[in-house]
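Each remark here refers to the structure printed beneath this line.
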Amino acid sequence: MIGAIIGDIIGSRFEFDNHLSEEFELFAKRSVFTDDSALTIAVARWLLGDGTLVTILVDEFDRYPGLSYGGGSNSGLRRRKSGLQ
């Protein structure tokens with residue numbers, strides 16, 4: 001899991017700007033923690049029995065609200081937070 005999160009951070013700056021060379025700085029100023037890492041943490045918490053998946057996803061969404069979750073995730077998690085199904 002740590003490797004997945006490190007890889008996500010390293011690759012974050014290339015998500016919409018592919019980089020074909022194997023030569024690049026591992027951690028640059030534009031390298032960031034992303035929604036992929038937050039959701040990886042949520043699934044790990046669920047697998048470890050930390051609660052229901054929906055509750056944990058909403059908790060991670062609240063913990064990291066500024067990440068670029070996909071449009072469906074944003075609206076679905078907001079509905080769950082407000083008590084709508």
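Convention: chains lettered A, B, ... in structure tokens order; per-chain residue numbering from 1; ligands numbered from 1 as shown.
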- Message: When DSSP is applied to the backbone of this structure, which of stretch 1-83 of chain A are assigned alpha helix (DSSP H)? Write them out as a PyMOL selection string.
- Response: chain A and resi 2-11+35-47+53-63+71-81
Keeping only N, CA and C atoms, write the selected residues to a file as a compact mmCIF listing (two decimals), in the first residue's frame.
# COMPACT_ATOMS: atom_id res chain seq x y z
N ILE A 2 1.94 1.22 0.79
CA ILE A 2 2.84 2.38 0.81
C ILE A 2 3.42 2.61 -0.58
N GLY A 3 3.80 1.53 -1.26
CA GLY A 3 4.34 1.65 -2.61
C GLY A 3 3.33 2.22 -3.58
N ALA A 4 2.07 1.82 -3.44
CA ALA A 4 1.02 2.36 -4.32
C ALA A 4 0.85 3.85 -4.11
N ILE A 5 0.88 4.29 -2.87
CA ILE A 5 0.70 5.71 -2.57
C ILE A 5 1.91 6.51 -3.05
N ILE A 6 3.11 5.97 -2.82
CA ILE A 6 4.32 6.65 -3.32
C ILE A 6 4.27 6.75 -4.84
N GLY A 7 3.90 5.66 -5.50
CA GLY A 7 3.79 5.69 -6.97
C GLY A 7 2.75 6.68 -7.45
N ASP A 8 1.65 6.79 -6.73
CA ASP A 8 0.61 7.75 -7.07
C ASP A 8 1.13 9.18 -6.97
N ILE A 9 1.85 9.46 -5.89
CA ILE A 9 2.41 10.80 -5.70
C ILE A 9 3.44 11.12 -6.78
N ILE A 10 4.33 10.16 -7.05
CA ILE A 10 5.36 10.37 -8.08
C ILE A 10 4.71 10.61 -9.45
N GLY A 11 3.70 9.83 -9.77
CA GLY A 11 3.07 9.93 -11.09
C GLY A 11 2.00 10.99 -11.21
N ASP A 35 -6.66 11.71 -5.13
CA ASP A 35 -7.86 10.96 -4.77
C ASP A 35 -7.62 9.46 -4.83
N ASP A 36 -6.74 9.01 -5.73
CA ASP A 36 -6.44 7.58 -5.82
C ASP A 36 -5.85 7.07 -4.51
N SER A 37 -4.96 7.84 -3.92
CA SER A 37 -4.38 7.46 -2.63
C SER A 37 -5.42 7.47 -1.52
N ALA A 38 -6.26 8.49 -1.50
CA ALA A 38 -7.30 8.57 -0.47
C ALA A 38 -8.25 7.38 -0.56
N LEU A 39 -8.61 6.99 -1.78
CA LEU A 39 -9.52 5.86 -1.95
C LEU A 39 -8.82 4.53 -1.66
N THR A 40 -7.52 4.44 -1.92
CA THR A 40 -6.74 3.25 -1.55
C THR A 40 -6.75 3.09 -0.03
N ILE A 41 -6.56 4.18 0.68
CA ILE A 41 -6.60 4.16 2.14
C ILE A 41 -7.98 3.74 2.62
N ALA A 42 -9.03 4.24 1.97
CA ALA A 42 -10.40 3.89 2.36
C ALA A 42 -10.64 2.39 2.21
N VAL A 43 -10.23 1.82 1.10
CA VAL A 43 -10.43 0.38 0.88
C VAL A 43 -9.61 -0.44 1.88
N ALA A 44 -8.39 -0.01 2.17
CA ALA A 44 -7.57 -0.71 3.17
C ALA A 44 -8.25 -0.67 4.54
N ARG A 45 -8.77 0.47 4.91
CA ARG A 45 -9.48 0.58 6.19
C ARG A 45 -10.67 -0.36 6.22
N TRP A 46 -11.41 -0.44 5.12
CA TRP A 46 -12.57 -1.32 5.04
C TRP A 46 -12.14 -2.78 5.17
N LEU A 47 -11.07 -3.17 4.45
CA LEU A 47 -10.58 -4.54 4.52
C LEU A 47 -10.10 -4.91 5.93
N LEU A 53 -18.00 0.26 4.09
CA LEU A 53 -17.28 0.93 3.02
C LEU A 53 -17.83 2.32 2.75
N VAL A 54 -19.14 2.47 2.74
CA VAL A 54 -19.74 3.78 2.48
C VAL A 54 -19.34 4.78 3.55
N THR A 55 -19.39 4.38 4.81
CA THR A 55 -19.01 5.27 5.91
C THR A 55 -17.55 5.69 5.79
N ILE A 56 -16.70 4.74 5.48
CA ILE A 56 -15.27 5.05 5.35
C ILE A 56 -15.01 5.96 4.15
N LEU A 57 -15.69 5.71 3.03
CA LEU A 57 -15.51 6.58 1.86
C LEU A 57 -15.93 8.01 2.17
N VAL A 58 -17.06 8.16 2.86
CA VAL A 58 -17.50 9.51 3.24
C VAL A 58 -16.49 10.15 4.18
N ASP A 59 -15.95 9.37 5.11
CA ASP A 59 -14.95 9.88 6.04
C ASP A 59 -13.70 10.37 5.30
N GLU A 60 -13.22 9.59 4.33
CA GLU A 60 -12.04 10.01 3.55
C GLU A 60 -12.35 11.23 2.70
N PHE A 61 -13.56 11.28 2.14
CA PHE A 61 -13.99 12.44 1.36
C PHE A 61 -13.96 13.69 2.24
N ASP A 62 -14.43 13.56 3.48
CA ASP A 62 -14.40 14.69 4.42
C ASP A 62 -12.97 15.06 4.80
N ARG A 63 -12.12 14.06 4.97
CA ARG A 63 -10.74 14.30 5.39
C ARG A 63 -9.94 15.00 4.29
N GLY A 71 -16.61 13.13 -10.97
CA GLY A 71 -17.92 13.76 -10.79
C GLY A 71 -18.93 12.85 -10.13
N GLY A 72 -18.97 11.58 -10.51
CA GLY A 72 -19.90 10.64 -9.89
C GLY A 72 -19.59 10.42 -8.42
N SER A 73 -18.33 10.37 -8.08
CA SER A 73 -17.93 10.19 -6.68
C SER A 73 -18.35 11.40 -5.86
N ASN A 74 -18.09 12.59 -6.39
CA ASN A 74 -18.44 13.81 -5.66
C ASN A 74 -19.92 13.87 -5.36
N SER A 75 -20.75 13.66 -6.37
CA SER A 75 -22.19 13.79 -6.14
C SER A 75 -22.71 12.65 -5.28
N GLY A 76 -22.21 11.44 -5.47
CA GLY A 76 -22.66 10.30 -4.66
C GLY A 76 -22.29 10.46 -3.20
N LEU A 77 -21.07 10.89 -2.92
CA LEU A 77 -20.65 11.07 -1.54
C LEU A 77 -21.37 12.23 -0.88
N ARG A 78 -21.66 13.27 -1.63
CA ARG A 78 -22.42 14.40 -1.07
C ARG A 78 -23.84 13.97 -0.71
N ARG A 79 -24.45 13.14 -1.57
CA ARG A 79 -25.80 12.64 -1.27
C ARG A 79 -25.78 11.79 -0.01
N ARG A 80 -24.78 10.93 0.13
CA ARG A 80 -24.67 10.09 1.32
C ARG A 80 -24.48 10.94 2.57
N LYS A 81 -23.66 11.99 2.47
CA LYS A 81 -23.42 12.86 3.62
C LYS A 81 -24.71 13.55 4.06
- Message: If I take atom CA of A:Ser12 and atom CA of A:Asp50, how far is one from the other in Å, to one decimal?
- Response: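 Separation between atom CA of A:Ser12 and atom CA of A:Asp50: 27.6 Å.
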